[in-house]
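> Got a structure for you, questions after.
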Amino acid sequence: MVSASTQSAAGRWTPLDRRGRPLGVLRLSLTARCNLACPYCLPDGVEPPGLLTLPQRLRVIEAAVALGARNLRLTGGEPLLHGGLEELIAAVQPLRATRPDGPGLREIALTSNGVLLSAERARALRSAGLDRITLSLDGTTAASVARMAGVGNGAVVLTKVLAAIEHARNAGFDPAQGALKLNAVIQRDVNDDQLLSLAALARERGLELRLIEFMDVGNSNGWQPEAVLSAAAMVERIGARWPLEPQGRAAHGTASRWRYRDRDPASGGAHLSVVASVSSPFCGDCNRLRVTADGIAYTCLFAAPGSGLDLRPWLQPDSAAAGLSEALTGLWNRRADRWSEERQEAWSTADPTPRHAEMAYLGG
């Protein structure tokens, strides 16, 4: 058993979980709704009752930041469906760190499928104070996009996402500074034929491509180990076309990074990243807390349904801030999750299909 907290360089105390991992990232879901129906996520389109209000969300963010969170990730569902997105981003600006080693938020990021990202919306997000945006695209042809997005007209989605990339760039999200990236979930025999074309597109547009292994999140996506194309296999395929140089994985990061040897390291499109949560888990230094749109806190993406902590009792108008802080500290101190590391053992037991909360609800 490790100590329950650690002191930062700034002299503040940060809670540690049972494996010595500090809280560092708050992933806050704004909605469980989505305008796509990606088969690896399969949102049901139903918003949970009792969504948090703007003041309640601010209280959650403030409490997490006070306990050590330095990065805020706004997710969904599709967060651009949330009408108060820009208002929330603007409202958390006073929580910014005033010095590099001091307390406060250092980055506010958004993950979106990009379909709804107009030029005007991109400018509004940037003006509100958003630092980084990651867009999702799982193929480069109309057919592959339709298959992976669960829609009838993949050409429309593809056109809108490609336009969203340029809208974000023109709004000031600079790929060379890591402010604009591209996500792609890769599933064996479904869209792995798109690997080279996705890498080529990212290189042409000066973007870092983040390739994500197909994960067993939720209970509806039909996940099987055989459907996973490992990150190592992805890197091998792309590296055979464009030689790559390993850059490693940053502490507490989710992605291992590679550099194209034929590109300037300082330029956009010079890097490729892979998220190997199935084949090479990184539970050992995971520092992410997830809070759903209706205020349920989870400490693992692969958590069981109903295992989260409902924060709403501490988010009422007459609730003291100390109560929420104590609840989050207690939750984090009890945390011992390492599902990705335990996956193989769990799948070989008498219960071969452990149930997880749905990704659209947890915020991915």
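Chain labels follow the order of the structure tokens: the first chain is A, the next B, and so on; residue numbering restarts at 1 in every chain, and ligands are counted from 1 in their shown order.
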Based on DSSP run over this structure's backbone, return all residues of region 163-312 of chain A in strand (DSSP E), as a ChimeraX atom specification.
/A:180-186,208-213,244-249,256-260,271-275,288-291,296-298,309-310
> Export N, CA and C atoms of the chosen residues as an mmCIF file, in the first residue's frame?

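After the write, result.cif holds the following:
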```
data_model
loop_
_atom_site.group_PDB
_atom_site.id
_atom_site.type_symbol
_atom_site.label_atom_id
_atom_site.label_comp_id
_atom_site.auth_asym_id
_atom_site.auth_seq_id
_atom_site.Cartn_x
_atom_site.Cartn_y
_atom_site.Cartn_z
ATOM 1 N N LEU A 180 -3.689 20.264 -33.076
ATOM 2 C CA LEU A 180 -4.661 19.624 -33.964
ATOM 3 C C LEU A 180 -4.119 18.258 -34.349
ATOM 4 N N LYS A 181 -4.853 17.204 -33.985
ATOM 5 C CA LYS A 181 -4.437 15.833 -34.291
ATOM 6 C C LYS A 181 -5.606 15.055 -34.877
ATOM 7 N N LEU A 182 -5.283 13.879 -35.427
ATOM 8 C CA LEU A 182 -6.296 13.047 -36.064
ATOM 9 C C LEU A 182 -6.283 11.667 -35.423
ATOM 10 N N ASN A 183 -7.449 11.209 -34.947
ATOM 11 C CA ASN A 183 -7.615 9.881 -34.368
ATOM 12 C C ASN A 183 -8.185 8.918 -35.404
ATOM 13 N N ALA A 184 -7.781 7.648 -35.321
ATOM 14 C CA ALA A 184 -8.388 6.610 -36.147
ATOM 15 C C ALA A 184 -8.399 5.307 -35.368
ATOM 16 N N VAL A 185 -9.578 4.716 -35.201
ATOM 17 C CA VAL A 185 -9.696 3.392 -34.599
ATOM 18 C C VAL A 185 -9.543 2.364 -35.715
ATOM 19 N N ILE A 186 -8.654 1.400 -35.514
ATOM 20 C CA ILE A 186 -8.372 0.409 -36.546
ATOM 21 C C ILE A 186 -8.843 -0.966 -36.085
ATOM 22 N N GLU A 208 -0.504 14.977 -36.942
ATOM 23 C CA GLU A 208 -0.098 13.760 -36.249
ATOM 24 C C GLU A 208 -1.286 12.810 -36.246
ATOM 25 N N LEU A 209 -1.086 11.596 -36.737
ATOM 26 C CA LEU A 209 -2.123 10.570 -36.753
ATOM 27 C C LEU A 209 -1.962 9.689 -35.521
ATOM 28 N N ARG A 210 -3.072 9.492 -34.804
ATOM 29 C CA ARG A 210 -3.089 8.630 -33.622
ATOM 30 C C ARG A 210 -3.929 7.396 -33.952
ATOM 31 N N LEU A 211 -3.271 6.246 -34.063
ATOM 32 C CA LEU A 211 -3.943 4.993 -34.382
ATOM 33 C C LEU A 211 -4.306 4.268 -33.093
ATOM 34 N N ILE A 212 -5.563 3.878 -32.966
ATOM 35 C CA ILE A 212 -6.081 3.316 -31.719
ATOM 36 C C ILE A 212 -6.525 1.878 -31.941
ATOM 37 N N GLU A 213 -6.036 0.969 -31.110
ATOM 38 C CA GLU A 213 -6.473 -0.422 -31.199
ATOM 39 C C GLU A 213 -7.965 -0.538 -30.865
ATOM 40 N N LEU A 244 10.326 4.724 -39.809
ATOM 41 C CA LEU A 244 9.961 5.390 -38.561
ATOM 42 C C LEU A 244 11.050 5.234 -37.516
ATOM 43 N N GLU A 245 11.090 6.189 -36.621
ATOM 44 C CA GLU A 245 12.046 6.185 -35.512
ATOM 45 C C GLU A 245 11.272 6.319 -34.206
ATOM 46 N N PRO A 246 11.452 5.401 -33.254
ATOM 47 C CA PRO A 246 10.674 5.451 -32.010
ATOM 48 C C PRO A 246 11.014 6.666 -31.166
ATOM 49 N N GLN A 247 9.985 7.262 -30.575
ATOM 50 C CA GLN A 247 10.152 8.417 -29.688
ATOM 51 C C GLN A 247 9.703 8.112 -28.259
ATOM 52 N N GLY A 248 9.080 6.952 -28.044
ATOM 53 C CA GLY A 248 8.651 6.555 -26.714
ATOM 54 C C GLY A 248 7.279 7.082 -26.336
ATOM 55 N N ARG A 249 6.882 6.774 -25.107
ATOM 56 C CA ARG A 249 5.597 7.222 -24.568
ATOM 57 C C ARG A 249 5.864 8.143 -23.387
ATOM 58 N N SER A 256 2.188 5.864 -27.732
ATOM 59 C CA SER A 256 3.614 5.772 -28.051
ATOM 60 C C SER A 256 3.821 6.497 -29.376
ATOM 61 N N ARG A 257 4.889 7.275 -29.431
ATOM 62 C CA ARG A 257 5.094 8.174 -30.567
ATOM 63 C C ARG A 257 6.256 7.709 -31.434
ATOM 64 N N TRP A 258 6.102 7.915 -32.746
ATOM 65 C CA TRP A 258 7.132 7.584 -33.717
ATOM 66 C C TRP A 258 7.338 8.795 -34.619
ATOM 67 N N ARG A 259 8.568 8.944 -35.130
ATOM 68 C CA ARG A 259 8.859 10.049 -36.046
ATOM 69 C C ARG A 259 9.192 9.501 -37.429
ATOM 70 N N TYR A 260 8.607 10.141 -38.436
ATOM 71 C CA TYR A 260 8.979 9.799 -39.804
ATOM 72 C C TYR A 260 10.395 10.314 -40.074
ATOM 73 N N HIS A 271 5.028 13.109 -37.141
ATOM 74 C CA HIS A 271 4.903 12.056 -36.142
ATOM 75 C C HIS A 271 3.669 11.174 -36.363
ATOM 76 N N LEU A 272 3.806 9.952 -35.907
ATOM 77 C CA LEU A 272 2.738 8.964 -35.865
ATOM 78 C C LEU A 272 2.652 8.467 -34.426
ATOM 79 N N SER A 273 1.417 8.284 -33.916
ATOM 80 C CA SER A 273 1.234 7.760 -32.563
ATOM 81 C C SER A 273 0.344 6.531 -32.600
ATOM 82 N N VAL A 274 0.556 5.636 -31.651
ATOM 83 C CA VAL A 274 -0.286 4.449 -31.539
ATOM 84 C C VAL A 274 -0.715 4.276 -30.088
ATOM 85 N N VAL A 275 -1.988 3.934 -29.909
ATOM 86 C CA VAL A 275 -2.548 3.701 -28.575
ATOM 87 C C VAL A 275 -2.796 2.206 -28.452
ATOM 88 N N ARG A 288 -6.076 9.216 -15.136
ATOM 89 C CA ARG A 288 -7.308 9.829 -15.646
ATOM 90 C C ARG A 288 -8.538 9.499 -14.798
ATOM 91 N N LEU A 289 -9.294 10.547 -14.506
ATOM 92 C CA LEU A 289 -10.590 10.439 -13.855
ATOM 93 C C LEU A 289 -11.646 10.807 -14.876
ATOM 94 N N ARG A 290 -12.678 9.982 -14.997
ATOM 95 C CA ARG A 290 -13.758 10.243 -15.945
ATOM 96 C C ARG A 290 -15.042 10.593 -15.205
ATOM 97 N N VAL A 291 -15.714 11.646 -15.669
ATOM 98 C CA VAL A 291 -16.995 12.030 -15.099
ATOM 99 C C VAL A 291 -17.999 12.109 -16.241
ATOM 100 N N ILE A 296 -21.496 11.003 -12.861
ATOM 101 C CA ILE A 296 -20.985 9.776 -12.255
ATOM 102 C C ILE A 296 -19.487 9.693 -12.527
ATOM 103 N N ALA A 297 -18.700 9.540 -11.475
ATOM 104 C CA ALA A 297 -17.249 9.500 -11.603
ATOM 105 C C ALA A 297 -16.764 8.058 -11.709
ATOM 106 N N TYR A 298 -15.942 7.803 -12.718
ATOM 107 C CA TYR A 298 -15.328 6.492 -12.936
ATOM 108 C C TYR A 298 -13.818 6.661 -12.993
ATOM 109 N N LEU A 309 -19.116 6.522 -8.933
ATOM 110 C CA LEU A 309 -19.577 7.279 -7.769
ATOM 111 C C LEU A 309 -20.433 8.447 -8.238
ATOM 112 N N ASP A 310 -21.664 8.512 -7.786
ATOM 113 C CA ASP A 310 -22.568 9.613 -8.128
ATOM 114 C C ASP A 310 -22.152 10.849 -7.330
#
```
> Can you list, as JSON, numbers by chain, every protein, DNA or RNA residue that comes within 7 Å of Asp131 (chain A) when you count only C-alpha atoms, leaving out same-chain residues fewer than 4 positions away?
{"A": [107, 108, 109, 179]}
> At a cut-off of 10 Å, using only C-alpha atoms, what residues contact Asp44 (chain A)? Leave out same-chain residues fewer than 6 positions from it and give the result as a ChimeraX atom specification.
/A:32-34,37,77,220,358,360-361
> Go ahead and save the residues from that selection, with N, CA and C atoms, as an mmCIF file, in the first residue's frame.

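Final output, saved to selection.cif:
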```cif
data_model
loop_
_atom_site.group_PDB
_atom_site.id
_atom_site.type_symbol
_atom_site.label_atom_id
_atom_site.label_comp_id
_atom_site.auth_asym_id
_atom_site.auth_seq_id
_atom_site.Cartn_x
_atom_site.Cartn_y
_atom_site.Cartn_z
ATOM 1 N N ALA A 32 -24.134 12.117 -23.877
ATOM 2 C CA ALA A 32 -24.000 10.740 -24.340
ATOM 3 C C ALA A 32 -24.531 10.596 -25.763
ATOM 4 N N ARG A 33 -25.079 11.680 -26.313
ATOM 5 C CA ARG A 33 -25.624 11.640 -27.679
ATOM 6 C C ARG A 33 -24.508 11.788 -28.704
ATOM 7 N N CYS A 34 -24.752 11.245 -29.898
ATOM 8 C CA CYS A 34 -23.792 11.390 -30.987
ATOM 9 C C CYS A 34 -24.550 11.442 -32.306
ATOM 10 N N ALA A 37 -22.862 6.662 -35.627
ATOM 11 C CA ALA A 37 -23.166 5.390 -34.965
ATOM 12 C C ALA A 37 -22.009 4.422 -35.170
ATOM 13 N N GLY A 77 -20.077 10.811 -26.030
ATOM 14 C CA GLY A 77 -20.809 11.289 -27.173
ATOM 15 C C GLY A 77 -20.020 12.280 -28.036
ATOM 16 N N SER A 220 -21.710 -3.784 -26.532
ATOM 17 C CA SER A 220 -22.493 -3.865 -27.759
ATOM 18 C C SER A 220 -21.653 -3.914 -29.030
ATOM 19 N N GLU A 358 -20.796 1.643 -21.134
ATOM 20 C CA GLU A 358 -20.658 1.978 -22.544
ATOM 21 C C GLU A 358 -19.744 3.188 -22.750
ATOM 22 N N ALA A 360 -19.807 5.561 -25.016
ATOM 23 C CA ALA A 360 -20.491 6.826 -25.280
ATOM 24 C C ALA A 360 -20.933 7.481 -23.974
ATOM 25 N N TYR A 361 -21.162 6.665 -22.947
ATOM 26 C CA TYR A 361 -21.569 7.187 -21.639
ATOM 27 C C TYR A 361 -20.368 7.646 -20.837
#
```
> Using only C-alpha atoms, find the one residue out of A:Leu195, A:Val278, A:Ala164, A:Ala124 that sits nearest to Thr141 (chain A).
A:Leu195
> Per DSSP on the backbone, filter region 53-231 of chain A down to the residues in alpha helix (DSSP H) and report them as an MDAnalysis selection string.
chainID A and resid 54:66 85:91 119:128 142:149 154:170 195:204 231
> Just write the chosen residues, C-alpha atoms, as a PDB file, in the first residue's frame.

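again-v5.pdb was written with the following content:
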```
ATOM      1  CA  LEU A  54     -22.886  24.541 -15.967  1.00  0.00           C
ATOM      2  CA  PRO A  55     -22.353  25.500 -12.280  1.00  0.00           C
ATOM      3  CA  GLN A  56     -22.167  21.826 -11.325  1.00  0.00           C
ATOM      4  CA  ARG A  57     -19.638  21.072 -14.037  1.00  0.00           C
ATOM      5  CA  LEU A  58     -17.540  24.003 -12.896  1.00  0.00           C
ATOM      6  CA  ARG A  59     -17.580  22.677  -9.336  1.00  0.00           C
ATOM      7  CA  VAL A  60     -16.381  19.271 -10.541  1.00  0.00           C
ATOM      8  CA  ILE A  61     -13.574  20.854 -12.568  1.00  0.00           C
ATOM      9  CA  GLU A  62     -12.541  23.126  -9.700  1.00  0.00           C
ATOM     10  CA  ALA A  63     -12.428  20.205  -7.283  1.00  0.00           C
ATOM     11  CA  ALA A  64     -10.398  18.044  -9.674  1.00  0.00           C
ATOM     12  CA  VAL A  65      -7.931  20.849 -10.358  1.00  0.00           C
ATOM     13  CA  ALA A  66      -7.498  21.447  -6.623  1.00  0.00           C
ATOM     14  CA  LEU A  85     -19.569  24.119 -24.854  1.00  0.00           C
ATOM     15  CA  GLU A  86     -17.985  27.498 -25.501  1.00  0.00           C
ATOM     16  CA  GLU A  87     -19.523  28.941 -22.340  1.00  0.00           C
ATOM     17  CA  LEU A  88     -17.986  26.142 -20.267  1.00  0.00           C
ATOM     18  CA  ILE A  89     -14.539  26.589 -21.829  1.00  0.00           C
ATOM     19  CA  ALA A  90     -14.636  30.330 -21.177  1.00  0.00           C
ATOM     20  CA  ALA A  91     -15.812  29.788 -17.605  1.00  0.00           C
ATOM     21  CA  ALA A 119     -15.429  27.550 -39.489  1.00  0.00           C
ATOM     22  CA  GLU A 120     -17.478  29.729 -37.144  1.00  0.00           C
ATOM     23  CA  ARG A 121     -17.584  27.068 -34.423  1.00  0.00           C
ATOM     24  CA  ALA A 122     -13.846  26.481 -34.658  1.00  0.00           C
ATOM     25  CA  ARG A 123     -13.161  30.200 -34.209  1.00  0.00           C
ATOM     26  CA  ALA A 124     -15.583  30.360 -31.281  1.00  0.00           C
ATOM     27  CA  LEU A 125     -13.873  27.439 -29.534  1.00  0.00           C
ATOM     28  CA  ARG A 126     -10.472  29.017 -30.004  1.00  0.00           C
ATOM     29  CA  SER A 127     -11.708  32.392 -28.759  1.00  0.00           C
ATOM     30  CA  ALA A 128     -13.245  30.732 -25.685  1.00  0.00           C
ATOM     31  CA  ALA A 142     -16.625   6.950 -48.750  1.00  0.00           C
ATOM     32  CA  ALA A 143     -17.174   3.223 -48.259  1.00  0.00           C
ATOM     33  CA  SER A 144     -14.747   2.852 -45.364  1.00  0.00           C
ATOM     34  CA  VAL A 145     -16.062   5.948 -43.618  1.00  0.00           C
ATOM     35  CA  ALA A 146     -19.663   4.792 -44.012  1.00  0.00           C
ATOM     36  CA  ARG A 147     -18.744   1.401 -42.539  1.00  0.00           C
ATOM     37  CA  MET A 148     -16.833   2.814 -39.585  1.00  0.00           C
ATOM     38  CA  ALA A 149     -19.206   5.712 -38.853  1.00  0.00           C
ATOM     39  CA  GLY A 154     -19.750   8.135 -46.025  1.00  0.00           C
ATOM     40  CA  ALA A 155     -18.843  10.715 -48.663  1.00  0.00           C
ATOM     41  CA  VAL A 156     -20.705  13.428 -46.765  1.00  0.00           C
ATOM     42  CA  VAL A 157     -18.989  12.573 -43.481  1.00  0.00           C
ATOM     43  CA  LEU A 158     -15.572  12.395 -45.150  1.00  0.00           C
ATOM     44  CA  THR A 159     -16.058  15.768 -46.835  1.00  0.00           C
ATOM     45  CA  LYS A 160     -17.165  17.404 -43.584  1.00  0.00           C
ATOM     46  CA  VAL A 161     -14.281  16.001 -41.521  1.00  0.00           C
ATOM     47  CA  LEU A 162     -11.697  17.055 -44.107  1.00  0.00           C
ATOM     48  CA  ALA A 163     -13.248  20.526 -44.083  1.00  0.00           C
ATOM     49  CA  ALA A 164     -13.216  20.521 -40.262  1.00  0.00           C
ATOM     50  CA  ILE A 165      -9.459  19.936 -40.303  1.00  0.00           C
ATOM     51  CA  GLU A 166      -8.971  23.111 -42.303  1.00  0.00           C
ATOM     52  CA  HIS A 167     -11.506  25.053 -40.225  1.00  0.00           C
ATOM     53  CA  ALA A 168      -9.576  24.129 -37.077  1.00  0.00           C
ATOM     54  CA  ARG A 169      -6.236  24.991 -38.645  1.00  0.00           C
ATOM     55  CA  ASN A 170      -7.505  28.366 -39.869  1.00  0.00           C
ATOM     56  CA  LEU A 195      -3.752   2.377 -42.683  1.00  0.00           C
ATOM     57  CA  LEU A 196      -1.456   3.612 -45.437  1.00  0.00           C
ATOM     58  CA  SER A 197      -4.003   5.997 -46.904  1.00  0.00           C
ATOM     59  CA  LEU A 198      -4.746   7.482 -43.462  1.00  0.00           C
ATOM     60  CA  ALA A 199      -1.029   7.934 -42.829  1.00  0.00           C
ATOM     61  CA  ALA A 200      -0.623   9.540 -46.255  1.00  0.00           C
ATOM     62  CA  LEU A 201      -3.530  11.906 -45.619  1.00  0.00           C
ATOM     63  CA  ALA A 202      -2.092  12.949 -42.232  1.00  0.00           C
ATOM     64  CA  ARG A 203       1.341  13.509 -43.740  1.00  0.00           C
ATOM     65  CA  GLU A 204      -0.092  15.561 -46.604  1.00  0.00           C
ATOM     66  CA  ALA A 231      -0.159  -1.274 -32.592  1.00  0.00           C
TER      67      ALA A 231
END
```
> Which residue is closest to Phe214 (chain A)? Choose from A:Leu16, A:Ala304, A:Leu324, A:Cys38 and count only C-alpha atoms.
A:Cys38
